[in-house]
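**Student:** Below is the file coords-v2.cif, with mmCIF, C-alpha atoms.
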```cif
data_upload
loop_
_atom_site.label_atom_id
_atom_site.label_comp_id
_atom_site.auth_asym_id
_atom_site.auth_seq_id
_atom_site.Cartn_x
_atom_site.Cartn_y
_atom_site.Cartn_z
CA MET A 113 -0.19 27.49 -0.90
CA LEU A 114 -3.57 28.94 -1.84
CA GLY A 115 -2.78 28.42 -5.51
CA ARG A 116 -1.84 24.80 -4.86
CA ARG A 117 -5.12 24.22 -3.04
CA TRP A 118 -7.20 25.65 -5.88
CA PHE A 119 -5.17 23.62 -8.38
CA LEU A 120 -6.13 20.42 -6.54
CA ILE A 121 -9.77 21.50 -6.29
CA LEU A 122 -9.80 22.09 -10.06
CA LEU A 123 -8.32 18.65 -10.63
CA ALA A 124 -11.03 17.13 -8.48
CA PHE A 125 -13.69 18.91 -10.50
CA LEU A 126 -12.21 17.75 -13.80
CA LEU A 127 -12.08 14.18 -12.54
CA GLY A 128 -15.73 14.25 -11.58
CA ALA A 129 -14.99 13.93 -7.86
CA PRO A 130 -16.36 16.25 -5.18
CA ALA A 131 -14.06 19.15 -4.37
CA ALA A 132 -14.63 18.58 -0.67
CA VAL A 133 -15.00 15.22 1.03
CA ALA A 134 -17.79 15.26 3.63
CA GLN A 135 -16.80 14.37 7.19
CA PRO A 136 -19.28 12.87 9.66
CA GLN A 137 -20.40 14.83 12.68
CA PRO A 138 -19.16 13.48 16.05
CA ASP A 139 -22.66 12.31 17.03
CA THR A 140 -23.57 10.72 13.67
CA LEU A 141 -24.66 7.09 14.18
CA ILE A 142 -24.67 4.40 11.51
CA LEU A 143 -25.57 0.77 12.15
CA LEU A 144 -24.25 -1.59 9.46
CA ARG A 145 -26.10 -4.91 9.05
CA PRO A 146 -24.14 -7.27 6.77
CA ALA A 147 -24.53 -11.04 6.47
CA ARG A 148 -21.18 -11.50 8.23
CA VAL A 149 -18.22 -9.58 9.58
CA PHE A 150 -14.57 -10.40 8.94
CA ASP A 151 -12.86 -8.52 11.76
CA GLY A 152 -9.36 -8.53 10.27
CA VAL A 153 -7.90 -10.76 12.99
CA ASP A 154 -9.96 -13.95 13.27
CA PRO A 155 -9.71 -16.02 10.08
CA ALA A 156 -13.33 -17.14 10.52
CA PRO A 157 -16.00 -14.55 9.72
CA HIS A 158 -18.64 -13.76 12.33
CA GLU A 159 -22.07 -14.60 10.98
CA GLY A 160 -24.84 -12.24 12.03
CA TRP A 161 -22.61 -9.57 13.50
CA LEU A 162 -23.49 -5.88 13.23
CA VAL A 163 -21.21 -2.85 13.49
CA LEU A 164 -22.15 0.49 15.04
CA VAL A 165 -20.23 3.58 13.95
CA ARG A 166 -20.33 6.86 15.87
CA GLY A 167 -18.72 9.79 14.10
CA GLU A 168 -15.39 8.63 12.70
CA ARG A 169 -14.92 5.58 14.94
CA ILE A 170 -16.29 2.13 15.53
CA GLU A 171 -18.38 2.12 18.69
CA ALA A 172 -19.45 -1.53 18.87
CA ALA A 173 -19.31 -4.78 16.93
CA GLY A 174 -21.09 -8.04 17.63
CA PRO A 175 -24.42 -9.87 17.44
CA ASN A 176 -27.78 -8.45 18.48
CA LEU A 177 -26.79 -4.80 18.52
CA ALA A 178 -29.78 -2.52 18.92
CA ALA A 179 -30.03 0.58 16.76
CA PRO A 180 -29.76 3.72 18.94
CA ALA A 181 -32.32 6.44 18.42
CA GLY A 182 -31.56 8.48 15.35
CA ALA A 183 -29.14 5.96 13.88
CA ARG A 184 -29.06 5.37 10.15
CA ILE A 185 -29.39 1.65 9.44
CA VAL A 186 -27.55 0.32 6.41
CA ASP A 187 -28.55 -3.18 5.34
CA LEU A 188 -25.99 -5.21 3.38
CA PRO A 189 -27.70 -8.56 2.69
CA GLY A 190 -25.33 -11.26 1.47
CA ALA A 191 -22.29 -9.07 2.04
CA THR A 192 -19.19 -9.39 4.18
CA LEU A 193 -18.15 -6.31 6.11
CA MET A 194 -14.41 -6.07 6.69
CA PRO A 195 -11.79 -3.47 7.62
CA GLY A 196 -10.75 -1.10 4.88
CA MET A 197 -7.91 -2.80 3.05
CA ILE A 198 -4.36 -1.47 3.30
CA GLU A 199 -2.20 -1.37 0.18
CA GLY A 200 1.33 -2.06 1.36
CA HIS A 201 3.38 -1.06 -1.70
CA SER A 202 2.05 1.62 -4.00
CA HIS A 203 3.40 4.31 -6.32
CA LEU A 204 0.52 6.69 -6.98
CA PHE A 205 2.75 8.89 -9.17
CA LEU A 206 3.41 6.04 -11.62
CA HIS A 207 1.08 4.47 -14.16
CA PRO A 208 1.34 1.10 -15.95
CA TYR A 209 4.61 0.48 -17.75
CA ASN A 210 2.84 -0.88 -20.83
CA GLU A 211 1.38 2.63 -21.27
CA THR A 212 4.61 4.55 -20.74
CA SER A 213 8.01 3.22 -19.71
CA TRP A 214 9.40 4.10 -16.29
CA ASP A 215 12.23 6.08 -17.90
CA ASP A 216 9.82 8.18 -19.94
CA GLN A 217 7.57 8.81 -16.96
CA VAL A 218 10.51 10.08 -14.92
CA LEU A 219 12.23 12.00 -17.75
CA ARG A 220 9.44 13.34 -19.93
CA GLU A 221 6.16 13.62 -18.01
CA PRO A 222 5.79 17.02 -16.28
CA LEU A 223 5.03 17.16 -12.58
CA SER A 224 1.61 18.74 -13.23
CA LEU A 225 0.58 15.76 -15.39
CA ARG A 226 1.95 13.26 -12.88
CA THR A 227 0.08 15.02 -10.06
CA ALA A 228 -3.18 14.90 -12.03
CA ARG A 229 -2.67 11.18 -12.62
CA ALA A 230 -1.94 10.66 -8.93
CA VAL A 231 -5.18 12.37 -7.89
CA ALA A 232 -7.10 10.04 -10.21
CA ALA A 233 -5.12 7.03 -8.96
CA ALA A 234 -5.89 7.91 -5.35
CA ARG A 235 -9.62 8.04 -6.03
CA ALA A 236 -9.55 4.72 -7.92
CA THR A 237 -7.68 3.11 -5.02
CA LEU A 238 -10.23 4.30 -2.47
CA MET A 239 -13.19 3.19 -4.59
CA ALA A 240 -11.62 -0.29 -4.81
CA GLY A 241 -11.84 -0.61 -1.01
CA PHE A 242 -8.26 0.31 -0.11
CA THR A 243 -8.62 3.02 2.50
CA THR A 244 -4.91 3.27 3.35
CA VAL A 245 -1.78 3.05 1.19
CA ARG A 246 1.92 2.92 1.94
CA ASP A 247 3.31 4.87 -1.02
CA LEU A 248 6.97 3.95 -1.44
CA GLY A 249 8.45 6.72 -3.52
CA THR A 250 7.41 9.29 -6.10
CA GLU A 251 10.05 8.13 -8.62
CA GLY A 252 11.21 11.56 -9.69
CA ALA A 253 8.20 13.58 -8.52
CA GLY A 254 10.04 14.89 -5.46
CA TYR A 255 7.84 15.58 -2.44
CA ALA A 256 4.56 15.72 -4.36
CA ASP A 257 3.26 12.75 -2.37
CA VAL A 258 3.33 14.90 0.76
CA GLY A 259 1.02 17.43 -0.89
CA LEU A 260 -1.33 14.71 -2.11
CA ARG A 261 -1.40 13.06 1.33
CA ASP A 262 -2.24 16.37 2.96
CA ALA A 263 -4.87 17.31 0.34
CA ILE A 264 -6.64 14.01 1.00
CA ALA A 265 -6.40 14.45 4.77
CA ARG A 266 -7.95 17.93 4.48
CA GLY A 267 -10.84 16.67 2.36
CA ILE A 268 -9.78 18.59 -0.77
CA VAL A 269 -9.70 15.45 -2.95
CA PRO A 270 -10.90 11.90 -2.23
CA GLY A 271 -8.37 9.17 -1.62
CA PRO A 272 -6.96 6.74 0.91
CA ARG A 273 -4.93 7.63 3.96
CA MET A 274 -1.32 7.83 2.82
CA LEU A 275 1.98 6.89 4.42
CA VAL A 276 4.61 8.39 2.12
CA ALA A 277 8.31 7.80 1.46
CA THR A 278 8.93 10.90 -0.71
CA ARG A 279 12.14 10.50 -2.77
CA ALA A 280 13.68 7.25 -1.39
CA ILE A 281 17.47 6.85 -0.98
CA VAL A 282 19.82 5.15 -3.44
CA ALA A 283 23.58 4.66 -3.73
CA THR A 284 25.38 7.07 -6.04
CA GLY A 285 25.28 5.77 -9.60
CA ALA A 286 23.01 2.85 -8.77
CA TYR A 287 19.67 4.10 -10.02
CA GLY A 288 18.11 5.53 -13.12
CA PRO A 289 17.17 6.53 -15.68
CA LYS A 290 20.50 5.44 -17.16
CA LEU A 291 21.64 7.89 -19.82
CA ALA A 292 24.83 8.03 -21.88
CA ASP A 293 25.97 10.95 -19.71
CA PRO A 294 24.87 10.45 -16.09
CA THR A 295 25.32 14.18 -15.46
CA PHE A 296 21.98 14.76 -17.19
CA ALA A 297 20.05 11.87 -15.64
CA ALA A 298 16.84 12.92 -13.91
CA LEU A 299 17.18 10.52 -11.01
CA GLY A 300 14.08 8.87 -9.59
CA ALA A 301 15.43 9.03 -6.03
CA GLU A 302 17.95 10.84 -3.81
CA GLU A 303 21.56 9.70 -3.99
CA ALA A 304 23.54 9.35 -0.77
CA ASP A 305 26.52 7.40 0.55
CA GLY A 306 28.22 6.71 3.88
CA ALA A 307 27.09 9.05 6.65
CA GLY A 308 25.08 10.88 4.00
CA LEU A 309 22.31 8.28 4.31
CA ALA A 310 21.46 9.54 7.78
CA LEU A 311 21.47 13.11 6.51
CA ALA A 312 19.21 12.19 3.56
CA ALA A 313 16.83 10.39 5.93
CA ARG A 314 16.63 13.48 8.14
CA ARG A 315 16.09 15.72 5.11
CA GLN A 316 13.25 13.54 3.82
CA ILE A 317 11.59 13.22 7.22
CA GLY A 318 11.78 16.99 7.57
CA GLY A 319 10.15 17.26 4.16
CA GLY A 320 7.20 15.13 5.28
CA ALA A 321 8.23 11.47 4.87
CA ASP A 322 6.44 8.90 7.02
CA ILE A 323 8.79 6.15 5.79
CA VAL A 324 12.49 6.03 4.99
CA LYS A 325 12.99 3.82 1.93
CA LEU A 326 16.42 2.47 1.04
CA TYR A 327 17.52 0.67 -2.11
CA ALA A 328 19.66 -2.13 -0.68
CA ASP A 329 20.47 -3.40 -4.18
CA TYR A 330 20.01 -2.37 -7.79
CA ARG A 331 21.49 -2.66 -11.29
CA TRP A 332 24.58 -0.55 -11.87
CA ARG A 333 24.15 -0.59 -15.63
CA PRO A 334 21.33 -1.69 -17.98
CA GLY A 335 21.36 -5.43 -18.56
CA GLU A 336 23.37 -6.23 -15.45
CA PRO A 337 21.93 -8.26 -12.58
CA SER A 338 21.07 -6.50 -9.33
CA ARG A 339 23.85 -6.33 -6.75
CA ALA A 340 24.01 -5.11 -3.18
CA THR A 341 24.76 -1.39 -3.01
CA PHE A 342 24.84 -0.09 0.57
CA THR A 343 26.84 -1.64 3.40
CA ILE A 344 25.12 -2.71 6.59
CA GLU A 345 26.70 0.19 8.44
CA GLU A 346 25.49 2.76 5.92
CA MET A 347 21.91 1.56 6.21
CA GLN A 348 22.06 1.33 10.00
CA GLY A 349 22.55 5.09 10.20
CA ALA A 350 19.43 5.82 8.16
CA VAL A 351 17.38 3.20 10.01
CA GLU A 352 18.39 4.66 13.37
CA VAL A 353 17.34 8.11 12.20
CA ALA A 354 13.99 6.75 11.00
CA HIS A 355 13.26 4.91 14.23
CA SER A 356 14.38 7.85 16.37
CA ALA A 357 11.87 10.00 14.49
CA GLY A 358 9.05 7.48 14.99
CA ARG A 359 9.13 6.37 11.35
CA ILE A 360 9.62 2.95 9.81
CA ALA A 361 12.30 1.91 7.33
CA ALA A 362 11.66 -0.12 4.18
CA ALA A 363 14.25 -1.67 1.90
CA HIS A 364 13.97 -2.47 -1.79
CA ALA A 365 15.95 -5.72 -1.92
CA SER A 366 15.73 -8.30 -4.67
CA THR A 367 18.96 -10.23 -4.03
CA ALA A 368 19.68 -12.51 -1.10
CA GLU A 369 22.72 -10.40 -0.15
CA GLY A 370 20.83 -7.13 -0.32
CA MET A 371 18.10 -8.66 1.83
CA ARG A 372 20.64 -9.98 4.36
CA ARG A 373 22.31 -6.60 4.76
CA ALA A 374 19.00 -4.75 5.09
CA ILE A 375 17.73 -7.21 7.71
CA LEU A 376 20.90 -6.85 9.79
CA ALA A 377 20.67 -3.07 9.43
CA GLY A 378 17.28 -3.19 11.20
CA VAL A 379 14.76 -2.30 8.51
CA ASP A 380 11.08 -2.97 9.21
CA THR A 381 10.16 -4.42 5.81
CA ILE A 382 11.80 -6.00 2.78
CA GLU A 383 10.21 -5.20 -0.59
CA HIS A 384 10.28 -7.72 -3.47
CA GLY A 385 12.78 -10.35 -2.25
CA ASN A 386 12.79 -12.04 -5.65
CA GLU A 387 15.92 -14.09 -4.99
CA GLY A 388 15.34 -14.71 -1.30
CA THR A 389 16.58 -18.06 0.01
CA PRO A 390 15.25 -20.22 2.85
CA GLU A 391 18.19 -19.04 4.97
CA VAL A 392 17.57 -15.35 4.42
CA PHE A 393 13.83 -15.73 5.13
CA GLN A 394 14.69 -17.53 8.38
CA LEU A 395 16.93 -14.58 9.25
CA MET A 396 14.06 -12.23 8.40
CA ARG A 397 11.70 -14.07 10.71
CA ALA A 398 14.28 -14.12 13.52
CA HIS A 399 14.62 -10.33 13.28
CA GLY A 400 10.86 -9.69 12.99
CA VAL A 401 11.10 -8.09 9.54
CA GLY A 402 7.94 -7.97 7.41
CA TYR A 403 7.95 -9.18 3.81
CA CYS A 404 6.14 -7.45 0.94
CA PRO A 405 6.54 -9.84 -2.03
CA THR A 406 4.95 -7.68 -4.78
CA ILE A 407 3.98 -10.73 -6.87
CA ALA A 408 1.62 -8.69 -9.03
CA ALA A 409 4.43 -6.46 -10.29
CA SER A 410 6.47 -9.49 -11.34
CA ASP A 411 3.40 -10.94 -13.02
CA ALA A 412 2.61 -7.68 -14.83
CA ILE A 413 6.16 -7.17 -16.09
CA ALA A 414 6.30 -10.75 -17.38
CA ARG A 415 3.03 -10.23 -19.24
CA TYR A 416 4.24 -6.92 -20.70
CA GLY A 417 7.14 -8.97 -22.04
CA GLY A 418 4.80 -11.33 -23.89
CA TRP A 419 4.00 -14.08 -21.35
CA ASN A 420 0.36 -15.20 -21.59
CA GLY A 421 0.06 -16.40 -18.00
CA GLN A 422 0.22 -20.08 -18.90
CA ALA A 423 2.99 -22.68 -18.77
CA PRO A 424 5.82 -22.58 -19.44
CA GLU A 425 6.50 -19.76 -16.97
CA PRO A 426 9.40 -17.39 -17.62
CA GLU A 427 12.42 -17.74 -15.36
CA SER A 428 11.52 -14.57 -13.44
CA ILE A 429 8.19 -16.07 -12.39
CA ARG A 430 9.74 -19.43 -11.47
CA ILE A 431 12.28 -17.65 -9.27
CA LYS A 432 9.53 -15.54 -7.71
CA ARG A 433 7.39 -18.60 -6.95
CA ALA A 434 10.33 -20.29 -5.24
CA SER A 435 11.09 -17.26 -3.06
CA PHE A 436 7.44 -16.82 -2.09
CA ALA A 437 7.20 -20.50 -1.13
CA ALA A 438 10.36 -20.16 0.97
CA ALA A 439 8.91 -17.12 2.74
CA LEU A 440 5.70 -18.99 3.55
CA ALA A 441 7.67 -21.99 4.82
CA ALA A 442 9.77 -19.73 7.05
CA GLY A 443 6.65 -18.11 8.53
CA VAL A 444 7.71 -14.52 7.92
CA ALA A 445 5.22 -11.75 8.67
CA MET A 446 3.55 -11.25 5.29
CA CYS A 447 2.69 -7.80 3.97
CA MET A 448 0.12 -7.37 1.21
CA GLY A 449 1.34 -4.93 -1.41
CA GLY A 450 1.55 -5.33 -5.15
CA ASP A 451 3.84 -2.47 -6.30
CA VAL A 452 0.75 -0.98 -7.89
CA GLY A 453 1.67 1.70 -10.39
CA VAL A 454 3.59 -0.94 -12.34
CA PHE A 455 0.01 -2.03 -13.10
CA ALA A 456 -3.23 -0.09 -12.85
CA HIS A 457 -4.35 1.68 -9.70
CA GLY A 458 -7.70 0.33 -8.51
CA ASP A 459 -6.57 -3.18 -9.52
CA ASN A 460 -4.89 -3.64 -6.12
CA ALA A 461 -6.76 -6.91 -5.54
CA ARG A 462 -4.52 -8.50 -8.17
CA GLU A 463 -1.83 -9.05 -5.51
CA MET A 464 -4.31 -10.69 -3.13
CA GLU A 465 -5.54 -13.05 -5.82
CA LEU A 466 -1.99 -14.09 -6.69
CA MET A 467 -1.01 -14.60 -3.06
CA ALA A 468 -3.94 -17.00 -2.72
CA ALA A 469 -3.18 -18.72 -6.02
CA TRP A 470 0.42 -19.21 -4.91
CA GLY A 471 -0.38 -20.92 -1.64
CA MET A 472 -1.86 -18.67 1.03
CA ARG A 473 -5.30 -19.30 2.50
CA PRO A 474 -7.73 -16.56 1.47
CA ALA A 475 -8.33 -15.65 5.13
CA ASP A 476 -4.58 -15.23 5.68
CA VAL A 477 -4.37 -12.96 2.64
CA LEU A 478 -7.20 -10.86 4.09
CA ILE A 479 -5.42 -10.67 7.46
CA ALA A 480 -2.24 -9.57 5.68
CA ALA A 481 -4.21 -6.81 3.91
CA THR A 482 -5.79 -5.54 7.12
CA SER A 483 -4.44 -6.15 10.64
CA GLY A 484 -1.19 -7.63 9.34
CA ASN A 485 -0.23 -4.54 7.38
CA ALA A 486 -1.48 -2.31 10.21
CA ARG A 487 0.81 -4.09 12.70
CA ILE A 488 3.85 -4.09 10.40
CA PHE A 489 3.35 -0.39 9.56
CA HIS A 490 2.78 0.58 13.23
CA ILE A 491 -0.76 1.87 12.71
CA ALA A 492 -2.67 -0.94 14.47
CA ASP A 493 -3.75 1.48 17.21
CA ARG A 494 -5.94 3.21 14.61
CA LEU A 495 -6.63 0.89 11.71
CA GLY A 496 -6.72 -2.67 10.37
CA ALA A 497 -9.43 -4.33 12.44
CA ILE A 498 -13.09 -4.04 13.37
CA ARG A 499 -12.78 -3.20 17.03
CA PRO A 500 -14.37 -0.50 19.20
CA GLY A 501 -12.30 2.65 19.28
CA LEU A 502 -10.59 2.19 15.92
CA LEU A 503 -11.28 4.46 12.96
CA ALA A 504 -14.32 3.40 10.96
CA ASP A 505 -12.55 2.50 7.72
CA LEU A 506 -14.79 -0.30 6.46
CA VAL A 507 -15.55 -2.12 3.23
CA ALA A 508 -18.51 -4.33 2.31
CA VAL A 509 -18.12 -6.87 -0.50
CA ASP A 510 -20.62 -9.30 -1.97
CA GLY A 511 -20.02 -12.91 -0.94
CA ASP A 512 -17.43 -14.30 1.47
CA PRO A 513 -13.80 -13.45 0.62
CA THR A 514 -12.51 -15.86 3.29
CA ARG A 515 -13.74 -18.62 0.96
CA ASP A 516 -13.18 -16.94 -2.41
CA ILE A 517 -10.57 -14.18 -2.47
CA HIS A 518 -11.97 -12.84 -5.76
CA ALA A 519 -14.94 -11.50 -3.76
CA VAL A 520 -12.81 -8.54 -2.67
CA ARG A 521 -13.42 -7.10 -6.13
CA ALA A 522 -17.20 -7.03 -5.61
CA VAL A 523 -17.15 -3.83 -3.56
CA ARG A 524 -20.58 -2.62 -2.49
CA LEU A 525 -19.75 -0.03 0.16
CA VAL A 526 -16.67 1.90 1.25
CA MET A 527 -16.54 3.92 4.46
CA LYS A 528 -13.56 6.03 5.49
CA GLY A 529 -13.50 7.65 8.90
CA GLY A 530 -17.22 7.08 9.32
CA ALA A 531 -18.13 8.74 6.00
CA ILE A 532 -19.64 6.56 3.27
CA VAL A 533 -17.66 7.37 0.13
CA ARG A 534 -19.05 4.58 -2.08
CA ASP A 535 -22.49 3.05 -1.83
CA ASP A 536 -23.55 0.58 -4.52
CA GLY A 537 -26.96 -0.67 -3.52
CA ALA A 538 -26.78 -0.58 0.27
CA HIS A 539 -30.26 -0.20 1.77
CA GLY A 540 -30.60 2.52 4.36
CA GLU A 541 -33.16 3.48 6.96
CA GLY A 542 -33.41 6.39 9.34
CA ARG A 543 -31.42 8.76 7.12
#
```
What's the structure tokens form of this structure?

**Tutor:**
Amino acid sequence: MLGRRWFLILLAFLLGAPAAVAQPQPDTLILLRPARVFDGVDPAPHEGWLVLVRGERIEAAGPNLAAPAGARIVDLPGATLMPGMIEGHSHLFLHPYNETSWDDQVLREPLSLRTARAVAAARATLMAGFTTVRDLGTEGAGYADVGLRDAIARGIVPGPRMLVATRAIVATGAYGPKLADPTFAALGAEEADGAGLALAARRQIGGGADIVKLYADYRWRPGEPSRATFTIEEMQGAVEVAHSAGRIAAAHASTAEGMRRAILAGVDTIEHGNEGTPEVFQLMRAHGVGYCPTIAASDAIARYGGWNGQAPEPESIRIKRASFAAALAAGVAMCMGGDVGVFAHGDNAREMELMAAWGMRPADVLIAATSGNARIFHIADRLGAIRPGLLADLVAVDGDPTRDIHAVRAVRLVMKGGAIVRDDGAHGEGR
């Protein structure tokens, strides 16, 4: 374990990041004075609000707060202070597919290289204002996400808080890479069937998983359409194990049938939902299942295939637009997560911009990225809003993102657990 720790410290040094991430003292006081505060819950920002942070937590938020003796005052003129954003669907151990194909990343890139990339990706994510990520599978990198999560939590390398799914669970023969002889395929996930799903879920939870991820559908062979893989009963066993252990269950499901089975099995979130119908989204809402549409991944893959982003749209994008519109019409609980890793880490805002462009109000996108994700992921008791007692994960951006979602890219300040980890021009007093 000591060697692993020094390996991560060396990576941090090589990446130009501090080897240790400073933590605030319990009595450290910081008063943040932005132009307005978006609290993560109310769609209207609060003009003239201030936020007082003591140690790692928010102590007070509201107008006319007085600076306690010894407090550091941080002025953020023109900026909106908001909760640290939560990336709902990430793969820190992947990098953009137009750089290296998924197959080649899984088959040919060594774990040491993938870990180094993941450390860099974690730092880029944090600097972009995303202070928490739900990382939904290492895609062949085993349990390396557990080590990265723990290294970040211990202050060895900088990065967001991580909820990890480790290997994910797929039906035998229904995943990849697909080689001529499947005996030699380096699978990107753990195969299981029947009662074995519950056993795989227990094994992954024991190995450090915060989330049990199931592939409810996938392509059996290259060029085939996705089809449902697991039965409802198979998935129910894994979901029950996850919930009994205090974890949540997520399902990759692109087809309407895969979505239907996963919903009835009791999963907490559906990922992708490309072919979702009005009926299946109504079923999702009735069962209280969150939806993570991952529009940005669909957009990125279409562009890698030669689409220039203009009309005419490829069929994959037309289908995705229709499913997203059906989800909005059904009123499902919307998760914000772009499947980042398919595209560049640190560009997480791409999903938020597309959600707004495709019909959501900017304020609703911001809620999805903060308190919405926190509620769906069962972490709202700690994160996702600006409220006394919650962890001080905060982001300041220039302008008002409730009016213009693109403002989330203009990050001026990032605070995680009361520690300022990025400060681009904030004015401080009483240091």

**Student:** Just checking: using all atoms listed in the file, which residue out of A:Ile491, A:Ile407, A:Val282, A:Val149 ends up closest to Ser435 in chain A?

**Tutor:**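 The shortest atom-to-atom distance to Ser435 in chain A comes from A:Ile407.
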
**Student:** Restricting the calculation to only C-alpha atoms: of A:Ala492, A:Val533, A:Leu506, A:Leu206, which residue gets closest to Glu221 in chain A?

**Tutor:**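 Nearest to Glu221 in chain A: A:Leu206.
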
**Student:** Contacts of Arg273 in chain A at 12 Å or less, counting only C-alpha atoms, minus same-chain residues fewer than 4 places along, as an MDAnalysis selection string?

**Tutor:** chainID A and resid 196:200 234:235 237:238 241:247 257:258 260:267 269 322 491 494:495 503 505 528:529

**Student:** For His207 in chain A, work out the shell of residues within 9 Å, counting all atoms listed in the file and skipping chain neighbours fewer than 3 positions away, then give it as JSON, numbers by chain.

**Tutor:** {"A": [203, 204, 210, 211, 212, 213, 214, 217, 226, 229, 230, 233, 452, 453, 454, 455, 456, 457]}

**Student:** Could you pull the residues within 10 Å of Leu466 in chain A, counting all atoms listed in the file, minus those fewer than 3 positions along the same chain, as a list in words?

**Tutor:** Thr406, Ile407, Ala408, Asp411, Gly450, Ala461, Arg462, Glu463, Ala469, Trp470, Gly471, Met472, Val477 and Ile517 of chain A

**Student:** Report, in Å to a single decimal, how far apart CA of Pro426 in chain A and CA of Ala481 in chain A are.

**Tutor:**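 Between CA of Ala481 in chain A and CA of Pro426 in chain A the gap works out to 27.6 Å.
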
**Student:** At most 8 Å from (-24.3, -5.1, 15.0), file frame, only C-alpha atoms: which residues, as a count of residues only?

**Tutor:** 15

**Student:** When distances are computed from only C-alpha atoms, which of A:Asp293, A:Gly400, A:Val520, A:Gly259 shows the smallest separation from Met274 in chain A?

**Tutor:**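 Using only C-alpha atoms, the shortest distance to Met274 in chain A belongs to A:Gly259.
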
**Student:** Can you tell me how far CA of Val186 in chain A sits from CA of Ala475 in chain A, in Å to one decimal?

**Tutor:** 25.0 Å

**Student:** Nearest residue to Gly335 in chain A out of A:Gly318, A:Lys290, A:His490, A:Pro208, using only C-alpha atoms?

**Tutor:**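 Among the listed residues, A:Lys290 lies closest to Gly335 in chain A.
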
**Student:** Residue by residue, what does the PyMOL selection byres ((chain A and resi 354) around 12) grab here? Present the result as an MDAnalysis selection string.

**Tutor:** chainID A and resid 277 309:318 321:326 347:353 355:362 377:380

**Student:** What does the distance from CA of Gly385 in chain A to CA of Glu465 in chain A come to in Å, to one decimal?

**Tutor:**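 Those two atoms sit 18.9 Å apart.
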
**Student:** Using the chain letters and numbers from this file, what does the PyMOL selection byres ((chain A and resi 399) around 12) select? Give the answer as a ChimeraX atom specification.

**Tutor:** /A:372,374-382,392-398,400-403,444-445

**Student:** Exactly which residues make up the result of the PyMOL selection byres ((chain A and resi 389) around 12) on this file, given as a PyMOL selection string?

**Tutor:** chain A and resi 366-372+385-388+390-396+431-442

**Student:** Env of Ala183 in chain A: 7 Å cut, atoms = all atoms listed in the file, seq-sep filter 2 positions within chain, self excluded. Answer as a ChimeraX atom specification.

**Tutor:** /A:141-143,179-181,185,542

**Student:** Do you know which residues lie at most 6 Å from (-24.6, -10.1, 5.1), with coordinates as in the file and all atoms listed in the file counted, and could you write them as a list in words?

**Tutor:**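 Residues found, by chain and rising number: Pro146, Ala147, Arg148, Leu188, Pro189, Gly190, Ala191 and Thr192 of chain A.
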
**Student:** Could you tell me which of A:Glu251, A:Met467, A:Leu193, A:Ile429 comes closest to Pro157 in chain A if we count all atoms listed in the file?

**Tutor:** A:Leu193

**Student:** Quick one: everything within 10 Å of Leu223 in chain A, counting all atoms listed in the file, minus sequence neighbours fewer than 5 positions away in the same chain. Send it as a PDB file with C-alpha atoms, in the frame of the given file.

**Tutor:**
```pdb
ATOM      1  CA  PHE A 205       2.750   8.890  -9.170  1.00  0.00           C
ATOM      2  CA  GLN A 217       7.570   8.810 -16.960  1.00  0.00           C
ATOM      3  CA  VAL A 218      10.510  10.080 -14.920  1.00  0.00           C
ATOM      4  CA  ALA A 228      -3.180  14.900 -12.030  1.00  0.00           C
ATOM      5  CA  ARG A 229      -2.670  11.180 -12.620  1.00  0.00           C
ATOM      6  CA  GLY A 252      11.210  11.560  -9.690  1.00  0.00           C
ATOM      7  CA  ALA A 253       8.200  13.580  -8.520  1.00  0.00           C
ATOM      8  CA  GLY A 254      10.040  14.890  -5.460  1.00  0.00           C
ATOM      9  CA  ALA A 256       4.560  15.720  -4.360  1.00  0.00           C
TER      10      ALA A 256
END
```

**Student:** Kindly list the centre and edge lengths in Å, rounded to one decimal, for the axis-aligned box that covers all listed atoms of range 459-465 of chain A plus 3 Å on each of its six sides, as AutoDock Vina command-line options.

**Tutor:**
```
--center_x -4.3 --center_y -8.1 --center_z -6.3 --size_x 10.9 --size_y 15.9 --size_z 12.4
```
